[in-house]
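Participant: Input structure: work17.csv, which contains CSV, C-alpha atoms.
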chain,number,residue,atom,x,y,z
B,1,MET,CA,-217.3,-27.3,122.6
B,2,THR,CA,-218.9,-30.6,121.5
B,3,LYS,CA,-219.6,-29.2,118.0
B,4,ARG,CA,-215.9,-28.1,117.8
B,5,ARG,CA,-214.7,-31.6,118.7
B,6,ASP,CA,-217.1,-33.2,116.2
B,7,PHE,CA,-215.8,-30.8,113.5
B,8,ILE,CA,-212.2,-31.8,114.2
B,9,LYS,CA,-213.1,-35.5,114.1
B,10,THR,CA,-214.9,-35.0,110.8
B,11,MET,CA,-211.8,-33.2,109.4
B,12,GLY,CA,-209.6,-36.0,110.5
B,13,LEU,CA,-211.9,-38.5,108.8
B,14,SER,CA,-212.0,-36.4,105.6
B,15,SER,CA,-208.2,-36.3,105.5
B,16,ALA,CA,-208.0,-40.0,105.9
B,17,VAL,CA,-210.4,-40.5,103.0
B,18,VAL,CA,-208.4,-38.2,100.8
B,19,LEU,CA,-205.1,-39.9,101.7
B,20,GLY,CA,-206.7,-43.3,101.2
B,21,SER,CA,-207.9,-42.2,97.7
B,22,GLY,CA,-204.3,-41.7,96.6
B,23,PHE,CA,-204.3,-37.9,97.0
B,24,VAL,CA,-201.2,-37.0,99.0
B,25,PRO,CA,-199.7,-33.6,99.7
B,26,ALA,CA,-196.9,-32.7,97.2
B,27,PRO,CA,-193.4,-33.2,98.8
B,28,SER,CA,-191.5,-30.1,99.7
B,29,PRO,CA,-188.9,-29.3,97.1
B,30,LYS,CA,-185.4,-30.4,98.0
B,31,ALA,CA,-182.8,-27.7,98.5
B,32,ALA,CA,-180.1,-27.2,95.9
B,33,ASN,CA,-176.8,-29.0,96.1
B,34,PHE,CA,-174.4,-26.1,95.7
B,35,LYS,CA,-170.9,-26.8,94.3
B,36,TYR,CA,-168.1,-24.2,93.9
B,37,CYS,CA,-166.2,-23.4,90.8
B,38,LEU,CA,-163.5,-20.9,89.8
B,39,ASN,CA,-163.7,-19.2,86.4
B,40,THR,CA,-160.1,-18.4,85.4
B,41,SER,CA,-161.0,-14.8,84.4
B,42,THR,CA,-160.9,-14.1,88.1
B,43,ILE,CA,-157.1,-14.5,88.2
B,44,ARG,CA,-156.5,-14.0,84.5
B,45,GLY,CA,-154.6,-10.7,85.0
B,46,GLN,CA,-151.8,-12.4,86.9
B,47,ASN,CA,-151.3,-14.7,83.9
B,48,PRO,CA,-150.3,-17.8,85.9
B,49,GLY,CA,-150.9,-20.1,82.9
B,50,LEU,CA,-153.3,-23.1,82.4
B,51,ILE,CA,-151.5,-25.5,84.8
B,52,LYS,CA,-151.4,-22.9,87.6
B,53,TYR,CA,-155.0,-22.1,87.1
B,54,ILE,CA,-155.9,-25.7,87.8
B,55,GLU,CA,-153.5,-26.0,90.7
B,56,ILE,CA,-154.7,-22.7,92.3
B,57,ALA,CA,-158.3,-23.7,92.0
B,58,ALA,CA,-157.6,-27.1,93.6
B,59,LYS,CA,-155.4,-25.6,96.4
B,60,ALA,CA,-158.0,-22.9,97.2
B,61,GLY,CA,-160.6,-25.6,97.8
B,62,TYR,CA,-162.8,-25.5,94.7
B,63,GLU,CA,-164.5,-28.6,93.3
B,64,GLY,CA,-164.5,-27.3,89.8
B,65,ILE,CA,-163.0,-24.9,87.3
B,66,GLU,CA,-164.2,-23.0,84.2
B,67,LEU,CA,-161.5,-22.8,81.6
B,68,TRP,CA,-161.4,-20.7,78.5
B,69,VAL,CA,-161.5,-22.6,75.2
B,70,GLU,CA,-158.6,-20.6,73.7
B,71,ASP,CA,-156.3,-21.5,76.7
B,72,ILE,CA,-157.2,-25.2,76.3
B,73,LYS,CA,-156.6,-25.1,72.6
B,74,ASN,CA,-153.2,-23.4,73.0
B,75,PHE,CA,-152.1,-25.9,75.7
B,76,ILE,CA,-153.1,-29.0,73.7
B,77,GLU,CA,-151.4,-27.7,70.5
B,78,ALA,CA,-148.2,-27.3,72.5
B,79,ASN,CA,-148.6,-30.5,74.5
B,80,SER,CA,-151.5,-33.0,74.3
B,81,ALA,CA,-155.1,-33.5,75.5
B,82,ASN,CA,-154.0,-36.5,77.4
B,83,ARG,CA,-151.4,-34.5,79.4
B,84,LEU,CA,-154.0,-31.8,80.2
B,85,LYS,CA,-156.5,-34.5,81.3
B,86,LYS,CA,-154.0,-36.1,83.6
B,87,ILE,CA,-153.1,-32.7,85.2
B,88,ILE,CA,-156.8,-32.1,85.9
B,89,GLU,CA,-157.3,-35.6,87.4
B,90,ASP,CA,-154.1,-35.4,89.5
B,91,ASN,CA,-155.4,-32.2,91.0
B,92,GLY,CA,-158.7,-33.8,91.9
B,93,ILE,CA,-160.7,-31.1,90.2
B,94,LYS,CA,-163.4,-31.1,87.5
B,95,VAL,CA,-163.7,-28.9,84.4
B,96,GLU,CA,-167.3,-28.0,84.8
B,97,ASN,CA,-167.6,-25.7,81.8
B,98,ALA,CA,-165.6,-23.9,79.1
B,99,ILE,CA,-165.9,-20.3,77.9
B,100,GLY,CA,-166.0,-20.1,74.1
B,101,PHE,CA,-167.1,-17.6,71.5
B,102,ALA,CA,-168.3,-19.5,68.4
B,103,PRO,CA,-170.9,-17.4,66.4
B,104,TRP,CA,-173.4,-20.2,66.1
B,105,MET,CA,-176.4,-17.9,66.6
B,106,ALA,CA,-175.3,-15.4,63.9
B,107,ALA,CA,-178.1,-14.1,61.6
B,108,ASP,CA,-175.8,-14.5,58.6
B,109,GLU,CA,-176.1,-18.1,57.4
B,110,GLU,CA,-172.5,-18.5,56.4
B,111,LYS,CA,-171.3,-17.1,59.7
B,112,SER,CA,-173.7,-19.3,61.6
B,113,LYS,CA,-172.5,-22.4,59.7
B,114,ALA,CA,-168.9,-21.5,60.5
B,115,GLY,CA,-169.9,-21.1,64.1
B,116,PHE,CA,-171.4,-24.6,64.2
B,117,GLU,CA,-168.3,-26.0,62.7
B,118,GLN,CA,-166.2,-24.2,65.2
B,119,MET,CA,-168.4,-25.4,68.1
B,120,GLY,CA,-168.3,-29.0,66.9
B,121,LYS,CA,-164.4,-28.9,66.9
B,122,GLU,CA,-164.3,-27.3,70.3
B,123,MET,CA,-166.8,-29.8,71.7
B,124,ASP,CA,-164.6,-32.6,70.6
B,125,MET,CA,-161.6,-31.0,72.2
B,126,LEU,CA,-163.5,-30.4,75.5
B,127,ALA,CA,-164.8,-34.0,75.5
B,128,SER,CA,-161.1,-35.2,75.3
B,129,ILE,CA,-160.3,-33.6,78.6
B,130,GLY,CA,-163.6,-34.6,80.4
B,131,CYS,CA,-165.5,-31.3,80.1
B,132,LYS,CA,-169.2,-31.8,79.5
B,133,ARG,CA,-170.4,-28.2,79.1
B,134,VAL,CA,-169.6,-25.2,77.0
B,135,ALA,CA,-170.9,-21.6,77.1
B,136,ALA,CA,-173.0,-20.6,74.1
B,137,PRO,CA,-173.3,-16.8,73.8
B,138,ALA,CA,-175.0,-14.9,71.0
B,139,ILE,CA,-171.7,-13.5,69.7
B,140,GLY,CA,-171.7,-12.7,66.0
B,141,ASN,CA,-174.9,-10.6,65.9
B,142,GLU,CA,-174.9,-6.9,65.5
B,143,GLY,CA,-178.5,-6.1,65.1
B,144,PRO,CA,-181.8,-7.4,66.5
B,145,ILE,CA,-182.1,-11.2,66.9
B,146,ASP,CA,-185.0,-13.2,65.5
B,147,LEU,CA,-185.7,-15.1,68.7
B,148,MET,CA,-187.8,-17.8,67.0
B,149,ARG,CA,-184.9,-18.5,64.5
B,150,ALA,CA,-182.4,-18.4,67.4
B,151,GLY,CA,-184.5,-21.0,69.3
B,152,LYS,CA,-184.3,-23.4,66.3
B,153,GLN,CA,-180.5,-22.8,66.1
B,154,TYR,CA,-180.2,-23.5,69.8
B,155,LYS,CA,-182.1,-26.8,69.3
B,156,GLU,CA,-179.7,-27.7,66.6
B,157,LEU,CA,-176.8,-26.8,68.8
B,158,ILE,CA,-178.2,-29.0,71.6
B,159,GLU,CA,-178.4,-31.9,69.2
B,160,LEU,CA,-174.8,-31.4,68.2
B,161,GLY,CA,-173.8,-31.2,71.9
B,162,ARG,CA,-175.6,-34.5,72.6
B,163,SER,CA,-173.7,-36.2,69.8
B,164,LYS,CA,-170.4,-34.9,71.3
B,165,GLY,CA,-171.2,-35.3,75.0
B,166,VAL,CA,-170.7,-31.6,75.6
B,167,MET,CA,-173.9,-29.6,76.3
B,168,PRO,CA,-174.2,-25.9,75.3
B,169,GLN,CA,-175.2,-23.5,78.1
B,170,LEU,CA,-177.2,-20.6,76.5
B,171,GLU,CA,-175.6,-17.4,77.8
B,172,PHE,CA,-176.6,-13.7,77.7
B,173,TRP,CA,-174.5,-10.6,78.3
B,174,GLY,CA,-176.0,-7.6,80.0
B,175,ALA,CA,-174.0,-5.0,77.9
B,176,PHE,CA,-174.6,-6.8,74.6
B,177,GLY,CA,-177.5,-5.1,73.0
B,178,PRO,CA,-178.8,-7.8,70.7
B,179,PHE,CA,-179.0,-10.4,73.5
B,180,HIS,CA,-178.8,-8.9,76.9
B,181,HIS,CA,-182.0,-9.9,78.8
B,182,LEU,CA,-183.1,-13.0,80.7
B,183,GLY,CA,-186.4,-12.8,78.9
B,184,GLN,CA,-184.8,-13.1,75.5
B,185,THR,CA,-182.8,-16.1,76.8
B,186,MET,CA,-185.9,-17.8,78.2
B,187,MET,CA,-187.7,-17.4,74.9
B,188,VAL,CA,-184.9,-18.9,72.9
B,189,ALA,CA,-184.6,-21.8,75.3
B,190,ALA,CA,-188.4,-22.3,75.2
B,191,VAL,CA,-188.5,-22.2,71.4
B,192,ALA,CA,-185.8,-24.9,71.3
B,193,ASN,CA,-188.3,-27.1,73.2
B,194,ASP,CA,-185.6,-29.5,74.3
B,195,PRO,CA,-185.2,-31.2,77.8
B,196,ASP,CA,-181.5,-30.4,77.7
B,197,ALA,CA,-181.9,-26.6,77.2
B,198,LYS,CA,-179.9,-24.8,79.9
B,199,ILE,CA,-179.5,-21.1,80.7
B,200,LEU,CA,-176.2,-19.7,82.0
B,201,ALA,CA,-177.0,-16.7,84.1
B,202,ASP,CA,-174.8,-14.2,86.0
B,203,VAL,CA,-175.4,-11.8,88.9
B,204,TYR,CA,-173.7,-8.9,87.0
B,205,HIS,CA,-175.4,-9.6,83.6
B,206,LEU,CA,-178.8,-9.8,85.2
B,207,PHE,CA,-178.2,-6.3,86.6
B,208,ARG,CA,-176.4,-4.8,83.7
B,209,GLY,CA,-178.9,-5.8,81.1
B,210,GLY,CA,-181.9,-4.7,83.2
B,211,SER,CA,-183.3,-8.2,83.8
B,212,GLY,CA,-183.5,-7.9,87.5
B,213,TYR,CA,-183.7,-11.0,89.6
B,214,ASP,CA,-187.4,-11.9,90.1
B,215,GLY,CA,-187.3,-13.7,86.7
B,216,LEU,CA,-185.2,-16.5,88.3
B,217,LYS,CA,-188.4,-17.6,90.1
B,218,LEU,CA,-189.8,-18.7,86.7
B,219,LEU,CA,-187.0,-21.2,86.1
B,220,SER,CA,-187.0,-24.7,87.3
B,221,GLY,CA,-184.1,-26.6,88.8
B,222,GLN,CA,-183.3,-28.3,85.5
B,223,SER,CA,-182.9,-24.9,83.7
B,224,ILE,CA,-179.7,-23.9,85.4
B,225,ASP,CA,-176.5,-25.9,85.9
B,226,ILE,CA,-173.9,-23.1,86.1
B,227,PHE,CA,-174.5,-19.7,87.7
B,228,HIS,CA,-171.8,-17.0,87.6
B,229,MET,CA,-171.2,-15.4,90.9
B,230,ASN,CA,-170.0,-11.8,91.3
B,231,ASP,CA,-171.6,-8.5,92.5
B,232,TYR,CA,-172.1,-5.0,91.2
B,233,VAL,CA,-171.3,-1.6,92.8
B,234,ASP,CA,-173.9,1.1,93.4
B,235,ASN,CA,-171.7,4.1,92.7
B,236,ILE,CA,-171.6,3.7,88.9
B,237,PRO,CA,-174.8,4.0,86.8
B,238,ARG,CA,-176.0,0.7,85.5
B,239,GLU,CA,-175.6,1.5,81.8
B,240,LYS,CA,-172.0,2.5,82.4
B,241,GLN,CA,-170.8,-0.5,84.4
B,242,GLU,CA,-168.3,-2.8,82.8
B,243,ASP,CA,-166.9,-6.2,83.5
B,244,LYS,CA,-163.9,-4.7,85.3
B,245,ASP,CA,-166.3,-3.2,87.9
B,246,ARG,CA,-167.5,-6.5,89.2
B,247,VAL,CA,-166.6,-7.2,92.9
B,248,TYR,CA,-166.7,-10.2,95.2
B,249,PRO,CA,-170.1,-11.7,95.8
B,250,GLY,CA,-171.6,-9.9,98.9
B,251,ASP,CA,-169.3,-6.9,98.5
B,252,GLY,CA,-171.7,-5.0,96.3
B,253,ALA,CA,-175.4,-4.1,96.1
B,254,ALA,CA,-176.9,-7.2,94.6
B,255,PRO,CA,-179.7,-8.9,96.6
B,256,MET,CA,-177.5,-12.0,97.1
B,257,GLU,CA,-179.8,-13.7,99.7
B,258,GLN,CA,-182.8,-13.4,97.3
B,259,ILE,CA,-180.8,-14.8,94.4
B,260,LEU,CA,-179.3,-17.7,96.3
B,261,SER,CA,-182.7,-18.5,98.0
B,262,ASP,CA,-184.3,-18.7,94.5
B,263,LEU,CA,-181.5,-21.0,93.3
B,264,ASN,CA,-181.8,-23.1,96.4
B,265,GLN,CA,-185.5,-23.5,96.0
B,266,MET,CA,-185.0,-24.7,92.5
B,267,GLY,CA,-183.3,-27.8,93.8
B,268,GLY,CA,-180.9,-29.9,91.8
B,269,GLU,CA,-177.2,-29.3,91.5
B,270,LYS,CA,-176.1,-25.7,91.2
B,271,ILE,CA,-172.5,-24.9,90.3
B,272,LEU,CA,-171.6,-21.4,91.6
B,273,SER,CA,-168.7,-20.2,89.5
B,274,LEU,CA,-166.8,-17.1,90.6
B,275,GLU,CA,-166.3,-14.9,87.5
B,276,LEU,CA,-164.6,-11.6,88.0
B,277,PHE,CA,-162.5,-9.3,85.9
B,278,ASN,CA,-161.5,-6.8,88.6
B,279,ARG,CA,-158.1,-5.3,87.9
B,280,SER,CA,-157.4,-4.5,91.5
B,281,TYR,CA,-157.8,-8.3,92.3
B,282,TRP,CA,-155.4,-9.0,89.4
B,283,GLU,CA,-152.7,-7.2,91.3
B,284,LYS,CA,-153.0,-9.5,94.3
B,285,ASP,CA,-151.8,-13.1,94.9
B,286,PRO,CA,-154.0,-15.3,92.8
B,287,LEU,CA,-154.4,-18.0,95.5
B,288,GLU,CA,-155.5,-15.3,98.0
B,289,VAL,CA,-158.1,-14.0,95.5
B,290,ALA,CA,-159.4,-17.5,94.8
B,291,LYS,CA,-159.7,-18.3,98.5
B,292,THR,CA,-161.4,-15.0,99.3
B,293,GLY,CA,-164.0,-15.5,96.6
B,294,LEU,CA,-164.7,-19.1,97.8
B,295,ASP,CA,-165.1,-18.0,101.4
B,296,LYS,CA,-167.5,-15.2,100.4
B,297,MET,CA,-169.6,-17.6,98.3
B,298,LYS,CA,-169.8,-20.2,101.1
B,299,SER,CA,-170.8,-17.5,103.7
B,300,LEU,CA,-173.6,-16.3,101.5
B,301,VAL,CA,-174.9,-19.8,100.8
B,302,ALA,CA,-174.8,-20.6,104.6
B,303,LYS,CA,-177.5,-17.9,105.0
B,304,VAL,CA,-180.0,-19.7,102.8
B,305,GLN,CA,-179.4,-23.3,103.7
Could you write out this structure as structure tokens?
Facilitator:
Amino acid sequence: MTKRRDFIKTMGLSSAVVLGSGFVPAPSPKAANFKYCLNTSTIRGQNPGLIKYIEIAAKAGYEGIELWVEDIKNFIEANSANRLKKIIEDNGIKVENAIGFAPWMAADEEKSKAGFEQMGKEMDMLASIGCKRVAAPAIGNEGPIDLMRAGKQYKELIELGRSKGVMPQLEFWGAFGPFHHLGQTMMVAAVANDPDAKILADVYHLFRGGSGYDGLKLLSGQSIDIFHMNDYVDNIPREKQEDKDRVYPGDGAAPMEQILSDLNQMGGEKILSLELFNRSYWEKDPLEVAKTGLDKMKSLVAKVQ
């Protein structure tokens, strides 16, 4: 018994020496700060129009909204950027991201150059309404992508984004053969070797492209700002699933608790954006759909925080 007490005392002394030497235990990572956002694809089928998109998102209780670049462009051409910015501000909501389709990563040099020019103009437009992010998918490619070259292109795109104040979020699509996997996306982001590199991931696309979800554990809190929330059904083969088959988060077969736990452990701000294309939801009241999606996301987050 005496030896045991002496051992405990010795351990206590050793700990004090270690602490006194400047070696302290690493702090536990902080939990993520989740925010909620509505991607307008979720209620696109009802075709409420841009102003209604914003009003519905605000009324449903979302903090942010993801708008589509084409919708913004059409509104500004018919009205003005100042009017749209005021509508956004009056509704107390933030445009967290915009969905665009500029072919900046195209293998063809001319197509890539045109994609950069398009992205630059769209970034200027987004900056004028207070949006600081834009999706950057690999659209414009038909065959295999040179990931080293794509990484250099993404680096150039990030530099363009910094100059405009609108940062590109590297996006992959599960059903898009040339760029469908989280691993490809991680390599392009790593090759860019830039502190502002960001990956835009999606529950459905991680499943549809065969990435799975354990790869999320390899990403730090700084790697993801926006995460698209949805779910997949288990009665359709993975390779045959389409965007329209997505369901509310938690209503499908995705390991939502694992996904959200990994996002939570990353720390930092995580914007969970509801992105659905379900035609049966498009037949319902858009406000009801928006509220239902928000409630389901909050219920899932409550299980991990």
Participant: Determine, counting only C-alpha atoms, which protein, DNA and RNA residues have an atom within 7 Å of an atom of Glu239 (chain B); residues of the same chain fewer than 2 positions away are not included. Present the result as a count of residues only.
Facilitator: 3
Participant: Please list as a count of residues only every residue within 6 Å of Ala135 (chain B), counting all atoms listed in the file and excluding residues in the same chain fewer than 3 positions away.
Facilitator: 4
Participant: Go ahead and compute the interatomic distance for CA of Asn97 (chain B) and CA of Ile226 (chain B), in Å to one decimal.
Facilitator: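 Computing it gives 8.1 Å between the two atoms.
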Participant: Go through B:Leu300, B:Ile129, B:Ile271, B:Ile199 one by one, measure the shortest atom-to-atom distance of each to Phe34 (chain B) using all atoms listed in the file, and give the residue with the smallest value.
Facilitator: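 Closest candidate: B:Ile271.
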Participant: Residues of region 170-200 of chain B within 7 Å of region 209-221 of chain B: nearest atom pair and distance (Å, one decimal) for each, counting all atoms listed in the file, sorted by chain and number, as a Markdown table?
Facilitator:
| residue | atom | partner | partner_atom | distance |
| --- | --- | --- | --- | --- |
| B:Gly174 | CA | B:Gly209 | CA | 3.6 |
| B:Ala175 | CA | B:Gly209 | CA | 5.9 |
| B:His180 | CA | B:Gly209 | CA | 5.2 |
| B:His181 | CA | B:Ser211 | CA | 5.4 |
| B:Leu182 | CA | B:Ser211 | CA | 5.7 |
Participant: For Met297 (chain B), work out the shell of residues within 9 Å, counting only C-alpha atoms and skipping chain neighbours fewer than 3 positions away, then give it as an mmCIF file with C-alpha atoms, in the frame of the given file.
Facilitator:
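out_10.cif written:
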data_model
loop_
_atom_site.group_PDB
_atom_site.id
_atom_site.type_symbol
_atom_site.label_atom_id
_atom_site.label_comp_id
_atom_site.auth_asym_id
_atom_site.auth_seq_id
_atom_site.Cartn_x
_atom_site.Cartn_y
_atom_site.Cartn_z
ATOM 1 C CA TYR B 36 -168.100 -24.200 93.900
ATOM 2 C CA MET B 229 -171.200 -15.400 90.900
ATOM 3 C CA TYR B 248 -166.700 -10.200 95.200
ATOM 4 C CA PRO B 249 -170.100 -11.700 95.800
ATOM 5 C CA GLY B 250 -171.600 -9.900 98.900
ATOM 6 C CA LEU B 272 -171.600 -21.400 91.600
ATOM 7 C CA LEU B 274 -166.800 -17.100 90.600
ATOM 8 C CA THR B 292 -161.400 -15.000 99.300
ATOM 9 C CA GLY B 293 -164.000 -15.500 96.600
ATOM 10 C CA LEU B 294 -164.700 -19.100 97.800
ATOM 11 C CA LEU B 300 -173.600 -16.300 101.500
ATOM 12 C CA VAL B 301 -174.900 -19.800 100.800
ATOM 13 C CA ALA B 302 -174.800 -20.600 104.600
#
Participant: CA of Ala102 (chain B) and CA of Gly115 (chain B) are how many Å apart?
Facilitator: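 A separation of 4.9 Å between them.
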Participant: Restricting the calculation to only C-alpha atoms, which member of B:Val203, B:Ala31, B:Leu126, B:Ile145 is positioned closest to Met167 (chain B)?
Facilitator: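 Of the candidates, the smallest distance to Met167 (chain B) is held by B:Leu126.
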Participant: So what do you get for CA of Glu159 (chain B) versus CA of Ala192 (chain B), distance-wise?
Facilitator: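 Computing it gives 10.4 Å between the two atoms.
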Participant: Find the spatial neighbours of Gly143 (chain B), counting all atoms listed in the file, within a cut-off of 9 Å - ignore same-chain residues fewer than 2 positions away - and output them as a compact mmCIF listing (two decimals) with C-alpha atoms, in the coordinates of the input.
Facilitator:
# COMPACT_ATOMS: atom_id res chain seq x y z
CA ALA B 107 -178.10 -14.10 61.60
CA ASN B 141 -174.90 -10.60 65.90
CA ILE B 145 -182.10 -11.20 66.90
CA GLY B 177 -177.50 -5.10 73.00
CA PRO B 178 -178.80 -7.80 70.70
Participant: If we count only C-alpha atoms and set the cut-off at 10 Å, which residues sit around Glu70 (chain B), ignoring sequence neighbours fewer than 3 positions away in its own chain? Please answer as a count of residues only.
Facilitator: 9
Participant: Every residue with an atom at most 10 Å from (-153.1, -24.4, 85.0) (file coordinates; only C-alpha atoms) is what I'm after, so could you write them as a compact mmCIF listing (two decimals) with C-alpha atoms, in the frame of the given file?
Facilitator:
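The result, written out as selection_38.txt:
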# COMPACT_ATOMS: atom_id res chain seq x y z
CA THR B 40 -160.10 -18.40 85.40
CA ASN B 47 -151.30 -14.70 83.90
CA PRO B 48 -150.30 -17.80 85.90
CA GLY B 49 -150.90 -20.10 82.90
CA LEU B 50 -153.30 -23.10 82.40
CA ILE B 51 -151.50 -25.50 84.80
CA LYS B 52 -151.40 -22.90 87.60
CA TYR B 53 -155.00 -22.10 87.10
CA ILE B 54 -155.90 -25.70 87.80
CA GLU B 55 -153.50 -26.00 90.70
CA ILE B 56 -154.70 -22.70 92.30
CA ALA B 57 -158.30 -23.70 92.00
CA LEU B 67 -161.50 -22.80 81.60
CA ASP B 71 -156.30 -21.50 76.70
CA ILE B 72 -157.20 -25.20 76.30
CA PHE B 75 -152.10 -25.90 75.70
CA LEU B 84 -154.00 -31.80 80.20
CA ILE B 87 -153.10 -32.70 85.20
CA ILE B 88 -156.80 -32.10 85.90
